[in-house]
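Here is entry-v7.txt, consisting of compact mmCIF, C-alpha atoms:
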# COMPACT_ATOMS: atom_id res chain seq x y z
CA MET A 1 94.91 94.26 133.49
CA ALA A 2 94.29 95.34 129.88
CA TRP A 3 97.25 93.19 128.78
CA LEU A 4 95.79 90.16 130.56
CA ARG A 5 92.38 90.66 128.96
CA GLU A 6 94.00 90.89 125.53
CA ALA A 7 95.97 87.71 126.18
CA GLY A 8 92.87 85.64 126.94
CA PRO A 9 91.88 84.73 123.36
CA TYR A 10 95.49 83.88 122.46
CA ILE A 11 95.81 81.56 125.44
CA GLU A 12 92.82 79.59 124.20
CA GLN A 13 94.08 79.57 120.59
CA PHE A 14 97.56 78.35 121.56
CA ARG A 15 96.45 75.33 123.59
CA ASP A 16 98.03 72.15 122.11
CA LYS A 17 99.86 74.17 119.45
CA THR A 18 103.54 73.47 118.72
CA PHE A 19 106.11 76.28 118.84
CA VAL A 20 109.80 75.97 118.01
CA VAL A 21 111.97 78.58 119.76
CA LEU A 22 115.57 79.44 118.83
CA LEU A 23 117.37 80.48 122.03
CA SER A 24 120.14 83.01 121.46
CA ASP A 25 123.11 83.23 123.81
CA VAL A 26 123.56 86.94 123.16
CA ALA A 27 122.40 87.59 126.75
CA ARG A 28 123.83 84.95 129.07
CA SER A 29 123.23 86.50 132.49
CA GLU A 30 121.46 84.37 135.07
CA LEU A 31 118.70 87.00 135.39
CA THR A 32 117.99 87.21 131.65
CA THR A 33 118.08 83.44 131.18
CA GLY A 34 115.91 82.92 134.24
CA ARG A 35 113.22 85.32 133.08
CA LEU A 36 113.10 83.81 129.61
CA VAL A 37 112.79 80.30 131.01
CA GLU A 38 110.02 81.48 133.36
CA ASP A 39 108.12 82.71 130.29
CA LEU A 40 108.69 79.42 128.47
CA VAL A 41 107.49 77.38 131.44
CA LEU A 42 104.43 79.60 131.65
CA LEU A 43 103.64 78.98 127.97
CA ASN A 44 104.08 75.26 128.52
CA SER A 45 101.71 75.42 131.50
CA LEU A 46 99.14 77.09 129.24
CA GLY A 47 99.23 74.08 126.94
CA VAL A 48 101.84 75.18 124.36
CA ARG A 49 104.06 72.34 123.10
CA LEU A 50 107.62 73.71 123.04
CA ILE A 51 110.76 72.64 121.20
CA LEU A 52 113.81 74.72 122.17
CA VAL A 53 116.89 75.02 119.94
CA GLN A 54 120.02 76.43 121.59
CA SER A 55 122.55 78.66 119.81
CA THR A 56 126.03 79.29 121.22
CA ARG A 57 127.28 81.44 118.34
CA HIS A 58 128.20 84.40 120.56
CA ALA A 59 129.95 82.19 123.11
CA ILE A 60 132.00 80.59 120.32
CA ASP A 61 132.96 84.01 118.93
CA ALA A 62 133.92 85.28 122.40
CA HIS A 63 135.97 82.15 123.12
CA ARG A 64 137.84 82.36 119.83
CA SER A 65 138.52 86.05 120.38
CA ALA A 66 139.84 85.42 123.90
CA CYS A 67 142.18 82.77 122.48
CA GLY A 68 143.38 85.17 119.79
CA VAL A 69 142.12 82.86 117.03
CA ASP A 70 139.90 83.93 114.16
CA SER A 71 137.17 81.66 112.86
CA THR A 72 137.30 80.68 109.22
CA TYR A 73 134.11 81.08 107.18
CA HIS A 74 133.02 80.11 103.70
CA GLN A 75 129.76 81.40 102.24
CA GLY A 76 128.67 82.45 105.72
CA ARG A 77 129.29 79.04 107.36
CA ARG A 78 131.89 78.55 110.07
CA ILE A 79 134.45 75.87 109.20
CA THR A 80 134.77 73.51 112.17
CA ASP A 81 138.11 71.79 112.69
CA PRO A 82 138.65 69.10 115.40
CA ASP A 83 140.05 71.58 117.96
CA LEU A 84 137.14 73.97 117.46
CA LEU A 85 134.64 71.12 117.77
CA THR A 86 136.15 70.21 121.15
CA ASP A 87 135.78 73.81 122.32
CA ILE A 88 132.19 73.95 121.04
CA GLN A 89 131.30 70.79 122.97
CA GLY A 90 132.39 72.50 126.17
CA LEU A 91 130.42 75.66 125.38
CA VAL A 92 127.31 73.66 124.49
CA ASN A 93 127.55 71.73 127.76
CA GLU A 94 127.91 75.00 129.65
CA ALA A 95 124.78 76.39 127.95
CA ALA A 96 122.90 73.19 128.72
CA HIS A 97 123.77 73.34 132.42
CA ARG A 98 122.76 77.00 132.58
CA MET A 99 119.43 76.23 130.89
CA ARG A 100 118.69 73.25 133.13
CA ALA A 101 119.45 75.22 136.28
CA ALA A 102 117.08 78.00 135.19
CA PHE A 103 114.45 75.41 134.22
CA VAL A 104 114.58 73.67 137.60
CA ARG A 105 114.08 77.00 139.39
CA ALA A 106 111.21 78.03 137.10
CA ARG A 107 109.61 74.58 137.31
CA HIS A 108 109.67 74.69 141.11
CA ARG A 109 108.25 78.22 141.36
CA ASN A 110 105.47 77.47 138.87
CA GLN A 111 104.77 73.99 140.28
CA SER A 112 105.12 72.65 136.75
CA GLN A 113 105.23 68.92 136.07
CA ALA A 114 107.05 69.32 132.74
CA GLN A 115 110.54 67.99 132.10
CA LEU A 116 113.24 69.50 129.89
CA VAL A 117 114.22 66.57 127.67
CA SER A 118 117.19 66.38 125.33
CA GLY A 119 117.96 63.56 122.93
CA HIS A 120 119.18 62.46 119.52
CA PHE A 121 116.40 64.35 117.75
CA VAL A 122 118.47 65.62 114.80
CA HIS A 123 120.67 63.41 112.57
CA ALA A 124 123.58 65.04 110.75
CA LYS A 125 125.70 64.61 107.68
CA PRO A 126 128.87 66.45 106.63
CA LEU A 127 128.39 69.70 104.79
CA GLY A 128 131.22 68.65 102.50
CA ILE A 129 133.41 70.55 100.06
CA PHE A 130 132.23 73.68 98.27
CA ASP A 131 134.35 75.69 95.83
CA GLY A 132 137.27 73.49 96.83
CA VAL A 133 136.86 74.40 100.51
CA ASP A 134 136.52 71.48 102.95
CA HIS A 135 134.10 72.40 105.76
CA GLN A 136 135.57 69.53 107.84
CA LEU A 137 133.32 68.94 110.88
CA THR A 138 130.68 71.48 109.93
CA GLY A 139 127.53 69.55 109.16
CA THR A 140 124.01 69.91 107.90
CA ILE A 141 120.76 68.10 108.64
CA ARG A 142 120.21 64.57 107.38
CA ARG A 143 116.80 64.16 109.02
CA VAL A 144 114.70 65.15 112.05
CA ASP A 145 113.31 62.40 114.29
CA THR A 146 109.77 63.77 114.44
CA ALA A 147 108.35 60.67 116.13
CA ALA A 148 110.74 61.02 119.09
CA LEU A 149 110.01 64.74 119.39
CA LYS A 150 106.25 64.29 119.27
CA GLN A 151 106.47 61.51 121.87
CA GLN A 152 108.05 63.93 124.35
CA LEU A 153 105.60 66.70 123.51
CA ASP A 154 102.66 64.33 123.99
CA LEU A 155 103.95 63.69 127.52
CA GLY A 156 103.82 67.43 128.23
CA HIS A 157 107.60 67.83 128.21
CA MET A 158 109.71 70.55 126.59
CA ALA A 159 112.30 69.27 124.09
CA TRP A 160 115.77 70.83 124.06
CA ILE A 161 118.08 70.57 121.04
CA ASP A 162 121.64 71.91 120.73
CA HIS A 163 123.48 72.45 117.44
CA LEU A 164 125.75 69.40 117.70
CA ALA A 165 124.45 66.25 115.99
CA TYR A 166 125.77 62.81 115.13
CA ALA A 167 125.90 61.19 111.72
CA PRO A 168 125.04 57.46 111.41
CA SER A 169 128.80 56.80 111.42
CA GLY A 170 129.02 58.18 114.96
CA GLN A 171 130.89 61.30 113.88
CA LEU A 172 129.81 64.49 115.65
CA TYR A 173 129.16 67.62 113.55
CA ASN A 174 128.59 71.31 114.27
CA LEU A 175 125.39 72.60 112.61
CA ALA A 176 123.89 76.08 112.25
CA SER A 177 121.27 76.55 114.97
CA GLU A 178 119.04 78.64 112.68
CA GLU A 179 119.05 75.82 110.13
CA ILE A 180 118.07 73.32 112.83
CA ALA A 181 115.26 75.54 114.13
CA ALA A 182 113.75 76.00 110.66
CA ALA A 183 114.12 72.32 109.72
CA VAL A 184 112.57 71.10 112.98
CA ALA A 185 109.68 73.56 112.65
CA ILE A 186 108.96 72.30 109.13
CA ALA A 187 109.34 68.63 110.08
CA VAL A 188 106.93 68.74 113.05
CA HIS A 189 104.48 71.05 111.23
CA ALA A 190 104.95 73.69 113.93
CA ASP A 191 102.39 76.45 114.29
CA LYS A 192 105.08 79.02 115.05
CA LEU A 193 108.84 79.47 114.82
CA VAL A 194 110.25 82.05 117.25
CA LEU A 195 113.80 83.26 116.59
CA LEU A 196 115.53 85.17 119.38
CA GLY A 197 118.64 87.24 118.66
CA GLU A 198 120.52 90.48 119.16
CA GLN A 199 118.06 92.91 117.59
CA ASP A 200 114.41 93.08 118.62
CA CYS A 201 112.98 93.37 115.12
CA LEU A 202 113.54 94.45 111.54
CA LEU A 203 113.77 98.20 111.02
CA ASN A 204 112.77 100.25 108.01
CA GLN A 205 114.83 103.06 106.48
CA GLN A 206 113.41 105.47 109.08
CA SER A 207 114.65 103.15 111.86
CA ALA A 208 111.07 102.33 112.79
CA ARG A 209 109.99 98.82 113.70
CA ILE A 210 108.57 96.61 110.96
CA SER A 211 105.92 94.74 112.93
CA GLU A 212 104.81 92.48 110.09
CA LEU A 213 106.41 91.31 106.87
CA THR A 214 105.25 89.02 104.08
CA LEU A 215 107.45 86.85 101.87
CA SER A 216 106.98 89.20 98.92
CA GLU A 217 108.29 92.15 100.97
CA ILE A 218 111.56 90.58 102.14
CA ALA A 219 113.60 91.75 99.16
CA ASP A 220 112.63 95.37 99.84
CA VAL A 221 114.06 95.45 103.38
CA GLU A 222 116.64 92.67 103.67
CA ALA A 223 119.67 94.61 102.42
CA ASP A 224 119.40 97.23 105.18
CA GLN A 225 119.38 94.71 108.06
CA PRO A 226 122.36 93.70 110.26
CA ALA A 227 123.93 90.25 109.93
CA ASP A 228 122.11 88.84 112.98
CA ILE A 229 118.72 89.69 111.51
CA LYS A 230 119.66 88.38 108.07
CA LEU A 231 120.53 84.95 109.51
CA ARG A 232 117.22 84.72 111.35
CA LEU A 233 115.25 86.17 108.46
CA ALA A 234 116.67 83.53 106.09
CA ALA A 235 115.63 80.80 108.53
CA ALA A 236 112.18 82.33 108.93
CA GLU A 237 111.72 82.57 105.17
CA ARG A 238 112.75 78.94 104.76
CA ALA A 239 110.28 77.89 107.45
CA VAL A 240 107.35 79.87 106.00
CA ARG A 241 108.02 78.49 102.52
CA GLY A 242 108.12 75.05 104.16
CA GLY A 243 104.66 75.43 105.62
CA VAL A 244 105.14 77.07 109.03
CA PRO A 245 102.32 79.67 109.20
CA ARG A 246 104.08 82.31 111.31
CA CYS A 247 107.66 83.14 112.27
CA HIS A 248 108.60 85.75 114.86
CA LEU A 249 111.93 87.59 115.17
CA LEU A 250 112.49 88.89 118.72
CA GLY A 251 115.20 90.39 120.91
CA ALA A 252 116.82 88.01 123.41
CA ARG A 253 117.71 90.85 125.79
CA THR A 254 114.18 92.27 126.03
CA ASP A 255 112.39 91.10 129.17
CA GLY A 256 109.06 89.48 128.35
CA ALA A 257 109.53 89.79 124.58
CA ILE A 258 108.14 86.34 123.84
CA LEU A 259 104.98 86.88 125.91
CA THR A 260 104.39 90.36 124.51
CA GLU A 261 104.83 89.10 120.95
CA LEU A 262 102.65 86.03 121.27
CA LEU A 263 99.92 87.20 123.65
CA THR A 264 99.18 90.72 122.36
CA THR A 265 98.04 91.98 118.98
CA GLU A 266 100.68 94.70 118.80
CA GLY A 267 103.57 92.38 119.66
CA SER A 268 107.19 93.41 120.20
CA GLY A 269 109.15 92.03 117.23
CA THR A 270 108.69 91.28 113.55
CA LEU A 271 106.23 88.69 112.29
CA LEU A 272 106.91 86.97 108.96
CA THR A 273 103.99 85.32 107.18
CA HIS A 274 103.06 84.20 103.70
CA GLU A 275 100.15 86.67 103.57
CA PRO A 276 99.10 89.58 105.85
CA THR A 277 97.56 88.34 109.10
CA ALA A 278 95.04 91.18 109.28
CA ILE A 279 92.29 90.38 106.77
CA ILE A 280 89.58 92.70 105.46
CA ARG A 281 86.15 91.10 105.07
CA PRO A 282 82.45 92.05 105.03
CA ALA A 283 81.05 92.68 108.51
CA GLN A 284 78.63 90.16 110.03
CA THR A 285 75.99 90.39 112.72
CA ASP A 286 78.36 88.56 115.07
CA ASP A 287 80.70 91.58 114.81
CA LEU A 288 78.21 93.98 116.43
CA ALA A 289 79.64 93.85 119.95
CA SER A 290 83.19 94.39 118.66
CA LEU A 291 82.04 97.20 116.35
CA LEU A 292 80.31 99.01 119.22
CA HIS A 293 83.51 98.68 121.30
CA LEU A 294 85.66 99.94 118.41
CA LEU A 295 83.49 102.95 117.56
CA ALA A 296 82.64 104.05 121.12
CA PRO A 297 85.82 106.12 121.82
CA LEU A 298 85.51 107.98 118.49
CA GLU A 299 81.83 108.64 119.09
CA SER A 300 82.61 109.96 122.59
CA SER A 301 85.25 112.32 121.18
CA GLY A 302 82.87 113.61 118.53
CA ALA A 303 84.94 112.24 115.64
CA LEU A 304 82.07 109.95 114.61
CA VAL A 305 78.30 110.28 114.78
CA GLN A 306 76.85 108.05 117.46
CA ARG A 307 75.07 104.91 116.25
CA SER A 308 72.87 102.64 118.34
CA ARG A 309 73.20 98.88 118.28
CA GLU A 310 69.91 98.70 116.39
CA LYS A 311 71.12 101.13 113.73
CA LEU A 312 74.42 99.29 113.33
CA GLU A 313 72.61 95.97 113.00
CA ALA A 314 70.30 97.39 110.35
CA GLU A 315 73.26 98.81 108.40
CA ILE A 316 75.76 95.99 108.91
CA ALA A 317 75.79 95.13 105.18
CA HIS A 318 77.46 98.48 104.47
CA PHE A 319 80.47 97.68 106.72
CA GLN A 320 83.83 96.08 106.10
CA VAL A 321 86.12 95.16 108.99
CA VAL A 322 89.76 94.29 109.65
CA GLU A 323 90.20 91.12 111.68
CA GLN A 324 93.37 89.60 113.11
CA ASP A 325 93.48 86.49 115.29
CA GLY A 326 89.75 86.76 115.89
CA ARG A 327 89.98 90.38 117.08
CA LEU A 328 88.35 93.31 115.25
CA LEU A 329 90.95 96.03 114.62
CA GLY A 330 89.12 98.42 112.26
CA SER A 331 86.01 99.19 110.27
CA ALA A 332 84.73 101.28 107.37
CA ALA A 333 81.29 101.63 105.77
CA LEU A 334 80.14 102.47 102.26
CA TYR A 335 76.69 104.11 102.01
CA PRO A 336 75.27 104.58 98.47
CA LEU A 337 73.77 108.08 98.03
CA ASP A 338 72.51 107.61 94.50
CA GLU A 339 73.48 105.57 91.44
CA ARG A 340 76.79 107.41 90.98
CA ALA A 341 77.79 108.64 94.44
CA ALA A 342 78.45 107.05 97.84
CA GLU A 343 79.68 108.11 101.27
CA LEU A 344 82.58 106.60 103.20
CA ALA A 345 81.75 106.53 106.92
CA CYS A 346 82.84 104.99 110.22
CA LEU A 347 86.50 104.61 109.24
CA ALA A 348 87.99 103.57 112.57
CA VAL A 349 91.11 101.67 113.64
CA GLU A 350 92.31 100.57 117.09
CA PRO A 351 94.80 103.32 118.02
CA GLU A 352 97.65 100.97 118.98
CA GLN A 353 97.41 98.91 115.81
CA GLY A 354 99.17 101.14 113.32
CA GLY A 355 96.24 103.22 112.16
CA GLU A 356 98.09 104.63 109.15
CA THR A 357 98.56 101.21 107.56
CA LEU A 358 95.25 99.59 108.47
CA GLY A 359 93.31 102.78 107.78
CA THR A 360 94.82 103.03 104.31
CA ARG A 361 94.06 99.37 103.62
CA LEU A 362 90.44 99.89 104.68
CA LEU A 363 90.15 102.96 102.48
CA HIS A 364 91.48 101.01 99.48
CA ALA A 365 89.02 98.19 100.21
CA VAL A 366 86.10 100.63 100.28
CA GLU A 367 87.28 102.29 97.07
CA THR A 368 87.54 98.89 95.36
CA ARG A 369 84.01 98.06 96.46
CA ALA A 370 82.74 101.45 95.28
CA ARG A 371 84.23 100.98 91.81
CA ALA A 372 82.74 97.50 91.59
CA GLU A 373 79.33 98.99 92.33
CA GLY A 374 79.69 101.64 89.64
CA ILE A 375 80.28 104.55 92.01
CA GLU A 376 81.93 107.53 90.31
CA THR A 377 82.28 109.92 93.28
CA LEU A 378 83.13 109.00 96.88
CA PHE A 379 82.32 111.54 99.59
CA VAL A 380 83.51 111.65 103.18
CA LEU A 381 82.38 114.00 105.96
CA THR A 382 84.95 114.48 108.70
CA THR A 383 85.59 116.78 111.65
CA GLN A 384 89.09 115.64 112.62
CA ALA A 385 90.77 113.77 109.75
CA GLN A 386 90.62 116.22 106.85
CA ASP A 387 94.37 116.21 106.15
CA TRP A 388 94.57 112.40 106.28
CA PHE A 389 91.97 112.07 103.52
CA ILE A 390 93.48 114.86 101.40
CA GLU A 391 96.84 113.07 101.54
CA ARG A 392 95.05 110.06 100.04
CA GLY A 393 93.56 111.79 97.05
CA PHE A 394 90.44 113.50 98.38
CA SER A 395 89.78 117.18 97.70
CA GLU A 396 87.72 119.79 99.50
CA ALA A 397 84.12 120.27 98.43
CA SER A 398 81.06 122.18 99.60
CA VAL A 399 77.85 120.86 101.10
CA ASP A 400 76.18 121.76 97.80
CA ALA A 401 78.33 119.14 96.06
CA LEU A 402 76.56 116.38 97.96
CA PRO A 403 73.54 114.69 96.39
CA GLU A 404 70.32 116.33 97.51
CA ASN A 405 69.25 113.44 99.74
CA ARG A 406 72.54 113.74 101.69
CA GLN A 407 72.38 117.53 101.82
CA ALA A 408 69.04 117.22 103.61
CA LEU A 409 70.71 115.15 106.36
CA TYR A 410 73.79 117.37 106.76
CA ASN A 411 74.27 118.42 110.42
CA PHE A 412 75.31 122.09 110.43
CA GLN A 413 76.03 121.93 114.17
CA ARG A 414 78.79 119.38 113.56
CA ASN A 415 80.05 121.52 110.66
CA SER A 416 81.85 118.54 109.09
CA ALA A 417 84.27 119.19 106.25
CA VAL A 418 83.04 117.72 102.98
CA LEU A 419 85.65 115.94 100.86
CA LYS A 420 85.26 114.03 97.63
CA LYS A 421 87.28 111.74 95.40
CA ASN A 422 86.62 110.76 91.80
CA MET A 423 86.73 107.02 91.34

Encoded form using structure tokens:
Amino acid sequence: MAWLREAGPYIEQFRDKTFVVLLSDVARSELTTGRLVEDLVLLNSLGVRLILVQSTRHAIDAHRSACGVDSTYHQGRRITDPDLLTDIQGLVNEAAHRMRAAFVRARHRNQSQAQLVSGHFVHAKPLGIFDGVDHQLTGTIRRVDTAALKQQLDLGHMAWIDHLAYAPSGQLYNLASEEIAAAVAIAVHADKLVLLGEQDCLLNQQSARISELTLSEIADVEADQPADIKLRLAAAERAVRGGVPRCHLLGARTDGAILTELLTTEGSGTLLTHEPTAIIRPAQTDDLASLLHLLAPLESSGALVQRSREKLEAEIAHFQVVEQDGRLLGSAALYPLDERAAELACLAVEPEQGGETLGTRLLHAVETRARAEGIETLFVLTTQAQDWFIERGFSEASVDALPENRQALYNFQRNSAVLKKNM
């Protein structure tokens, strides 16, 4: 029930938005394909305009291995000879039949009126010769027929694109599916590019999930990622630089990954954006209801002093908040005590939203504001987060260190620890 309530605002935001989804063939079971298609049909029923790009990379690798033949690569691109192209055509047709069968079942169960439409949406050209190596029938994109794609989307249909495309000469070429997905997303001005693959997300050096990444951070983490992630990350980077606001890297084997990623704040994969999606801004009166909801659990636990709606409204100018996709994820307040000292209060973050990161960002925002206002000493009174603040540069102090006006309001029953930090 909580998941459904959280999904509500996203459902409204996504209506009439265009998403391009790269479908990996890493998991080809009927059950896995069926569940993914059910999720895609559901998104389409909610008003999302979907363009699906099919990869058969794993099927090609498995087929070549079974035949005892190694693929030839140059600079990461598979060289496609005529025999391999014939094999790929068969594998692409097999994937198309599997997708259409799953779509028909999902369409019937969901009483959807949408069609899965394929066509000559991508025009190819030969990749050519690089470093003296002829890539033969490996191609690249000449152009994307955006008018034809948008025509199908306007009819409420889902467009399906494989990685084989014709050149104007009539010659068929094998293209990289990641390249197609990124190029199509850029060409149609997609709102999102979703890239499914082997691994669920990017991992940091501690093997923990990287839930969000900006363009400037790619160089710091790219080298440690497996080949599958690197391919998708390169496509995502190309798309973001080309104007696609958000790209998501998800695991193809994880049931419900696409719904969890798109319809919840926490998500399930890695989101790549140009800038962080969670913004810190001054609080407004319209934030009161969300602030009360955010602070209530911490007030109930005794971590924060209880504040009425009236008090919060009167003091709203002191608050800064973290907002993502229209949802309030955190808050912090700066209360001047005198001309040189201020108190940090109400530092709170939604527990499932990575409190360490957002909490630190909020603290830095408050410190920046304090310095701009000429504050020399920042105090914080806490009952449960003493170590967290000390790790971030605060030191222990006594009640007597507080300005006299704040000493007079100190609650000895709460017995809060007093910490301070020189600005």

Using all atoms listed in the file for the distances, tell me which of A:Ser300, A:Ile79, A:Ala101, A:Asn405 is nearest to Phe130 (chain A).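 Among A:Ser300, A:Ile79, A:Ala101, A:Asn405, it is A:Ile79 that comes nearest to Phe130 (chain A).
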
Given all atoms listed in the file as the counted atoms, nearest of A:Ile258, A:Ile218, A:Ala278, A:Ala341 to Leu36 (chain A): A:Ile258

Expressed in Å to a single decimal, how great is the separation between CA of Pro282 (chain A) and CA of Arg361 (chain A)?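 According to the coordinates, CA of Pro282 (chain A) and CA of Arg361 (chain A) are separated by 13.8 Å.
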
Selection: 10 Å around Glu313 (chain A), all atoms listed in the file, excl. self and same-chain fewer than 6 positions, as a ChimeraX atom specification: /A:284-288,307

Considering all atoms listed in the file, can you say which of A:Ala66, A:Leu291, A:Leu153, A:Leu42 comes closest to Asp16 (chain A)?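 Using all atoms listed in the file, the shortest distance to Asp16 (chain A) belongs to A:Leu153.
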
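Nearest to Cys201 (chain A) of all the residues A:Gln306, A:Ser216, A:Gln152, A:Ser268 is A:Ser268, based on only C-alpha atoms.
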
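With only C-alpha atoms as the atoms that count, the minimum distance from Ala176 (chain A) to the choices A:His58, A:Lys420, A:Arg77, A:Arg209 is reached by A:Arg77.
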
Separation of CA of Leu272 (chain A) from CA of Cys247 (chain A) in Å: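 Between these atoms lies a distance of 5.1 Å.
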
Name all residues at most 12 Å from Gly359 (chain A) (count all atoms listed in the file; drop same-chain ones fewer than 3 positions away) and give them as a PDB file with C-alpha atoms, in the frame of the given file.
ATOM      1  CA  ALA A 278      95.040  91.180 109.280  1.00  0.00           C
ATOM      2  CA  ILE A 280      89.580  92.700 105.460  1.00  0.00           C
ATOM      3  CA  GLN A 320      83.830  96.080 106.100  1.00  0.00           C
ATOM      4  CA  VAL A 321      86.120  95.160 108.990  1.00  0.00           C
ATOM      5  CA  VAL A 322      89.760  94.290 109.650  1.00  0.00           C
ATOM      6  CA  LEU A 329      90.950  96.030 114.620  1.00  0.00           C
ATOM      7  CA  GLY A 330      89.120  98.420 112.260  1.00  0.00           C
ATOM      8  CA  SER A 331      86.010  99.190 110.270  1.00  0.00           C
ATOM      9  CA  ALA A 332      84.730 101.280 107.370  1.00  0.00           C
ATOM     10  CA  CYS A 346      82.840 104.990 110.220  1.00  0.00           C
ATOM     11  CA  LEU A 347      86.500 104.610 109.240  1.00  0.00           C
ATOM     12  CA  ALA A 348      87.990 103.570 112.570  1.00  0.00           C
ATOM     13  CA  VAL A 349      91.110 101.670 113.640  1.00  0.00           C
ATOM     14  CA  GLU A 350      92.310 100.570 117.090  1.00  0.00           C
ATOM     15  CA  PRO A 351      94.800 103.320 118.020  1.00  0.00           C
ATOM     16  CA  GLN A 353      97.410  98.910 115.810  1.00  0.00           C
ATOM     17  CA  GLY A 354      99.170 101.140 113.320  1.00  0.00           C
ATOM     18  CA  GLY A 355      96.240 103.220 112.160  1.00  0.00           C
ATOM     19  CA  GLU A 356      98.090 104.630 109.150  1.00  0.00           C
ATOM     20  CA  LEU A 362      90.440  99.890 104.680  1.00  0.00           C
ATOM     21  CA  LEU A 363      90.150 102.960 102.480  1.00  0.00           C
ATOM     22  CA  HIS A 364      91.480 101.010  99.480  1.00  0.00           C
ATOM     23  CA  ALA A 365      89.020  98.190 100.210  1.00  0.00           C
ATOM     24  CA  VAL A 366      86.100 100.630 100.280  1.00  0.00           C
ATOM     25  CA  ALA A 385      90.770 113.770 109.750  1.00  0.00           C
ATOM     26  CA  TRP A 388      94.570 112.400 106.280  1.00  0.00           C
ATOM     27  CA  PHE A 389      91.970 112.070 103.520  1.00  0.00           C
ATOM     28  CA  ARG A 392      95.050 110.060 100.040  1.00  0.00           C
TER      29      ARG A 392
END

Separation of CA of Val184 (chain A) from CA of Thr214 (chain A), in Å and rounded to one decimal: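 Distance between the two atoms: 21.3 Å.
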
Counting all atoms listed in the file, I want the residues whose atoms come within 10 Å of (122.1, 66.9, 119.5) in the file frame, returned as a ChimeraX atom specification. /A:53-54,92,118-124,160-166,172-175

Rank A:Leu419, A:Val244, A:Ile316, A:Met99 by their smallest atom-to-atom distance to Glu343 (chain A), using only C-alpha atoms, and report the top residue only. A:Leu419

Name all residues at most 6 Å from Val20 (chain A) (count all atoms listed in the file; drop same-chain ones fewer than 2 positions away) and give them as a PDB file with C-alpha atoms, in the coordinates of the input.
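File written: around.pdb
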ATOM      1  CA  LEU A  50     107.620  73.710 123.040  1.00  0.00           C
ATOM      2  CA  ILE A  51     110.760  72.640 121.200  1.00  0.00           C
ATOM      3  CA  LEU A  52     113.810  74.720 122.170  1.00  0.00           C
ATOM      4  CA  ALA A 185     109.680  73.560 112.650  1.00  0.00           C
ATOM      5  CA  LEU A 193     108.840  79.470 114.820  1.00  0.00           C
TER       6      LEU A 193
END

Contacts of region 335-339 of chain A within 7 Å, all atoms listed in the file, excl. fewer than 6 positions in-chain, as a PDB file with C-alpha atoms, in the frame of the given file:
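After the write, selection-v4.pdb holds the following:
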ATOM      1  CA  HIS A 318      77.460  98.480 104.470  1.00  0.00           C
ATOM      2  CA  ILE A 375      80.280 104.550  92.010  1.00  0.00           C
ATOM      3  CA  PRO A 403      73.540 114.690  96.390  1.00  0.00           C
ATOM      4  CA  ARG A 406      72.540 113.740 101.690  1.00  0.00           C
TER       5      ARG A 406
END

Would you pick out the contacts of Ile210 (chain A) at 9 Å or less, using only C-alpha atoms, so that residues sharing its chain but fewer than 6 positions from it are not included, and give the list as a ChimeraX atom specification? /A:201-204,269-271

For a cutoff of 12 Å around the file-coordinate point (130.1, 66.5, 101.9), which residues qualify once you count all atoms listed in the file? I'd like the result as a PyMOL selection string. chain A and resi 124-142+167+173
